[in-house]
Amino acid sequence: MGLAKKVKMLLAARGMTAKDLAEKLGVTGQTVTAKLRRDNLSEEDLHKIAQACDATFEGVFTLNDTGKEI
């Protein structure tokens with residue numbers, strides 16, 4: 001599942017629209033919609049989105065054989 005889909009699920013869980021998110025981030029709705037449409041989200045974007053939605057984003061790689069997180 002792409003990160004844009006996860007962001008859309010987060011917005012739905014919070015009862016928010018892309019426009020609501022854009023207002024909290026201080027950007028235009030068009031900017032948010034374009035990033036979601038292209039699934040073009042940086043890790044910084046994801047942390048800001050999480051903060052705006054009172055959530056936590058944890059982007060980690062976990063090695064399956066050792067459980068080590070990178």
# chains A, B, ... in the order shown; residues from 1 in each chain; ligands from 1
$ residues_around --residues "Cys53 (chain A)" --least-positions-apart "4" --cutoff "8 Å" --atoms "only C-alpha atoms" --output "compact mmCIF listing (two decimals) with N, CA, C and O atoms, in the first residue's frame"
# COMPACT_ATOMS: atom_id res chain seq x y z
N LEU A 10 -5.74 7.94 7.07
CA LEU A 10 -5.57 8.75 8.27
C LEU A 10 -6.55 9.91 8.28
O LEU A 10 -7.21 10.18 9.29
N LEU A 11 -6.67 10.58 7.13
CA LEU A 11 -7.61 11.70 7.03
C LEU A 11 -9.04 11.23 7.29
O LEU A 11 -9.79 11.89 8.01
N ARG A 14 -9.70 10.66 10.89
CA ARG A 14 -9.80 11.92 11.63
C ARG A 14 -10.97 12.78 11.15
O ARG A 14 -11.20 13.88 11.67
N LEU A 21 -6.42 19.41 5.89
CA LEU A 21 -5.01 19.14 6.13
C LEU A 21 -4.16 20.29 5.61
O LEU A 21 -3.24 20.75 6.30
N ILE A 49 2.36 15.80 8.41
CA ILE A 49 0.98 15.33 8.29
C ILE A 49 0.56 14.64 9.58
O ILE A 49 -0.53 14.88 10.10
$ residues_around --residues "Phe57 (chain A)" --least-positions-apart "4" --cutoff "10 Å" --atoms "only C-alpha atoms" --output "NGL selection string"
:A and (43-44 or 46-51)
$ select_by_dssp --residues "chain A" --states "alpha helix (DSSP H)" --output "number ranges by chain"
A: 3-14, 18-25, 29-38, 43-52
$ write_last_selection --atoms "N, CA, C and O atoms" --output "compact mmCIF listing (two decimals), in the first residue's frame"
# COMPACT_ATOMS: atom_id res chain seq x y z
N LEU A 3 2.02 5.18 0.46
CA LEU A 3 1.89 6.10 1.59
C LEU A 3 0.75 7.08 1.40
O LEU A 3 0.10 7.48 2.37
N ALA A 4 0.48 7.47 0.15
CA ALA A 4 -0.63 8.38 -0.10
C ALA A 4 -1.95 7.74 0.35
O ALA A 4 -2.80 8.41 0.94
N LYS A 5 -2.09 6.45 0.09
CA LYS A 5 -3.32 5.75 0.51
C LYS A 5 -3.41 5.73 2.04
O LYS A 5 -4.49 5.91 2.60
N LYS A 6 -2.29 5.55 2.70
CA LYS A 6 -2.29 5.56 4.16
C LYS A 6 -2.66 6.94 4.69
O LYS A 6 -3.37 7.06 5.69
N VAL A 7 -2.17 7.99 4.04
CA VAL A 7 -2.52 9.35 4.45
C VAL A 7 -4.02 9.56 4.28
O VAL A 7 -4.69 10.13 5.15
N LYS A 8 -4.58 9.08 3.17
CA LYS A 8 -6.03 9.22 2.95
C LYS A 8 -6.81 8.47 4.02
O LYS A 8 -7.85 8.95 4.48
N MET A 9 -6.31 7.31 4.42
CA MET A 9 -6.97 6.55 5.49
C MET A 9 -6.88 7.30 6.82
O MET A 9 -7.84 7.33 7.60
N LEU A 10 -5.74 7.94 7.07
CA LEU A 10 -5.57 8.75 8.27
C LEU A 10 -6.55 9.91 8.28
O LEU A 10 -7.21 10.18 9.29
N LEU A 11 -6.67 10.58 7.13
CA LEU A 11 -7.61 11.70 7.03
C LEU A 11 -9.04 11.23 7.29
O LEU A 11 -9.79 11.89 8.01
N ALA A 12 -9.40 10.09 6.73
CA ALA A 12 -10.75 9.55 6.94
C ALA A 12 -10.98 9.23 8.41
O ALA A 12 -12.04 9.52 8.96
N ALA A 13 -9.96 8.66 9.05
CA ALA A 13 -10.08 8.32 10.47
C ALA A 13 -10.26 9.56 11.34
O ALA A 13 -10.90 9.51 12.39
N ARG A 14 -9.70 10.66 10.89
CA ARG A 14 -9.80 11.92 11.63
C ARG A 14 -10.97 12.78 11.15
O ARG A 14 -11.20 13.88 11.67
N ALA A 18 -8.58 16.79 2.44
CA ALA A 18 -7.27 17.30 2.02
C ALA A 18 -7.20 18.80 2.26
O ALA A 18 -6.15 19.33 2.62
N LYS A 19 -8.31 19.49 2.08
CA LYS A 19 -8.35 20.93 2.32
C LYS A 19 -8.11 21.24 3.80
O LYS A 19 -7.37 22.17 4.13
N ASP A 20 -8.72 20.45 4.68
CA ASP A 20 -8.49 20.64 6.13
C ASP A 20 -7.01 20.45 6.46
O ASP A 20 -6.44 21.23 7.22
N LEU A 21 -6.42 19.41 5.89
CA LEU A 21 -5.01 19.14 6.13
C LEU A 21 -4.16 20.29 5.61
O LEU A 21 -3.24 20.75 6.30
N ALA A 22 -4.47 20.77 4.43
CA ALA A 22 -3.71 21.87 3.84
C ALA A 22 -3.74 23.10 4.75
O ALA A 22 -2.71 23.75 4.95
N GLU A 23 -4.90 23.40 5.31
CA GLU A 23 -5.02 24.55 6.21
C GLU A 23 -4.12 24.37 7.44
O GLU A 23 -3.44 25.30 7.86
N LYS A 24 -4.08 23.15 7.98
CA LYS A 24 -3.24 22.90 9.16
C LYS A 24 -1.75 22.97 8.81
O LYS A 24 -0.94 23.32 9.66
N LEU A 25 -1.41 22.61 7.56
CA LEU A 25 -0.01 22.63 7.14
C LEU A 25 0.42 24.00 6.61
O LEU A 25 1.60 24.23 6.39
N GLY A 29 -4.65 23.65 -0.83
CA GLY A 29 -5.28 22.35 -1.03
C GLY A 29 -4.75 21.69 -2.28
O GLY A 29 -4.61 20.46 -2.34
N GLN A 30 -4.43 22.50 -3.28
CA GLN A 30 -3.89 21.98 -4.54
C GLN A 30 -2.54 21.29 -4.31
O GLN A 30 -2.26 20.24 -4.90
N THR A 31 -1.73 21.84 -3.44
CA THR A 31 -0.43 21.24 -3.13
C THR A 31 -0.60 19.87 -2.49
O THR A 31 0.05 18.90 -2.89
N VAL A 32 -1.49 19.78 -1.51
CA VAL A 32 -1.73 18.51 -0.84
C VAL A 32 -2.31 17.49 -1.81
O VAL A 32 -1.85 16.34 -1.88
N THR A 33 -3.30 17.90 -2.58
CA THR A 33 -3.94 17.00 -3.54
C THR A 33 -2.93 16.47 -4.56
O THR A 33 -2.92 15.28 -4.88
N ALA A 34 -2.06 17.33 -5.05
CA ALA A 34 -1.05 16.92 -6.04
C ALA A 34 -0.08 15.91 -5.44
O ALA A 34 0.26 14.91 -6.07
N LYS A 35 0.37 16.16 -4.22
CA LYS A 35 1.31 15.22 -3.57
C LYS A 35 0.65 13.86 -3.35
O LYS A 35 1.28 12.82 -3.54
N LEU A 36 -0.61 13.87 -2.96
CA LEU A 36 -1.32 12.61 -2.74
C LEU A 36 -1.58 11.89 -4.06
O LEU A 36 -1.44 10.67 -4.14
N ARG A 37 -1.93 12.64 -5.09
CA ARG A 37 -2.22 12.03 -6.39
C ARG A 37 -0.98 11.35 -6.96
O ARG A 37 -1.05 10.26 -7.52
N ARG A 38 0.19 11.99 -6.79
CA ARG A 38 1.44 11.44 -7.33
C ARG A 38 2.12 10.50 -6.35
O ARG A 38 3.14 9.90 -6.69
N GLU A 43 9.69 12.11 3.76
CA GLU A 43 9.57 11.73 5.17
C GLU A 43 9.19 12.94 6.00
O GLU A 43 8.39 12.84 6.94
N GLU A 44 9.72 14.09 5.66
CA GLU A 44 9.38 15.33 6.37
C GLU A 44 7.88 15.63 6.21
O GLU A 44 7.22 16.00 7.18
N ASP A 45 7.37 15.47 4.99
CA ASP A 45 5.93 15.67 4.76
C ASP A 45 5.11 14.76 5.67
O ASP A 45 4.13 15.19 6.28
N LEU A 46 5.51 13.51 5.75
CA LEU A 46 4.76 12.52 6.53
C LEU A 46 4.77 12.86 8.02
O LEU A 46 3.76 12.70 8.71
N HIS A 47 5.88 13.36 8.52
CA HIS A 47 5.95 13.76 9.93
C HIS A 47 5.04 14.97 10.18
O HIS A 47 4.35 15.03 11.20
N LYS A 48 5.03 15.92 9.26
CA LYS A 48 4.17 17.10 9.40
C LYS A 48 2.69 16.71 9.32
O LYS A 48 1.86 17.23 10.07
N ILE A 49 2.36 15.80 8.41
CA ILE A 49 0.98 15.33 8.29
C ILE A 49 0.56 14.64 9.58
O ILE A 49 -0.53 14.88 10.10
N ALA A 50 1.43 13.80 10.10
CA ALA A 50 1.12 13.10 11.36
C ALA A 50 0.87 14.10 12.48
O ALA A 50 -0.12 13.97 13.21
N GLN A 51 1.72 15.09 12.59
CA GLN A 51 1.55 16.09 13.64
C GLN A 51 0.23 16.83 13.48
O GLN A 51 -0.48 17.06 14.45
N ALA A 52 -0.10 17.19 12.24
CA ALA A 52 -1.35 17.91 11.97
C ALA A 52 -2.58 17.07 12.29
O ALA A 52 -3.65 17.61 12.58
$ closest_residue --among "A:Gly59, A:Thr28, A:Asp54, A:Ile70" --to "Ser42 (chain A)" --atoms "only C-alpha atoms"
A:Gly59
$ atom_distance --atom1 "CA of Ala55 (chain A)" --atom2 "CA of Lys68 (chain A)"
23.7 Å
$ atom_distance --atom1 "CA of Thr56 (chain A)" --atom2 "CA of Asn40 (chain A)"
19.0 Å
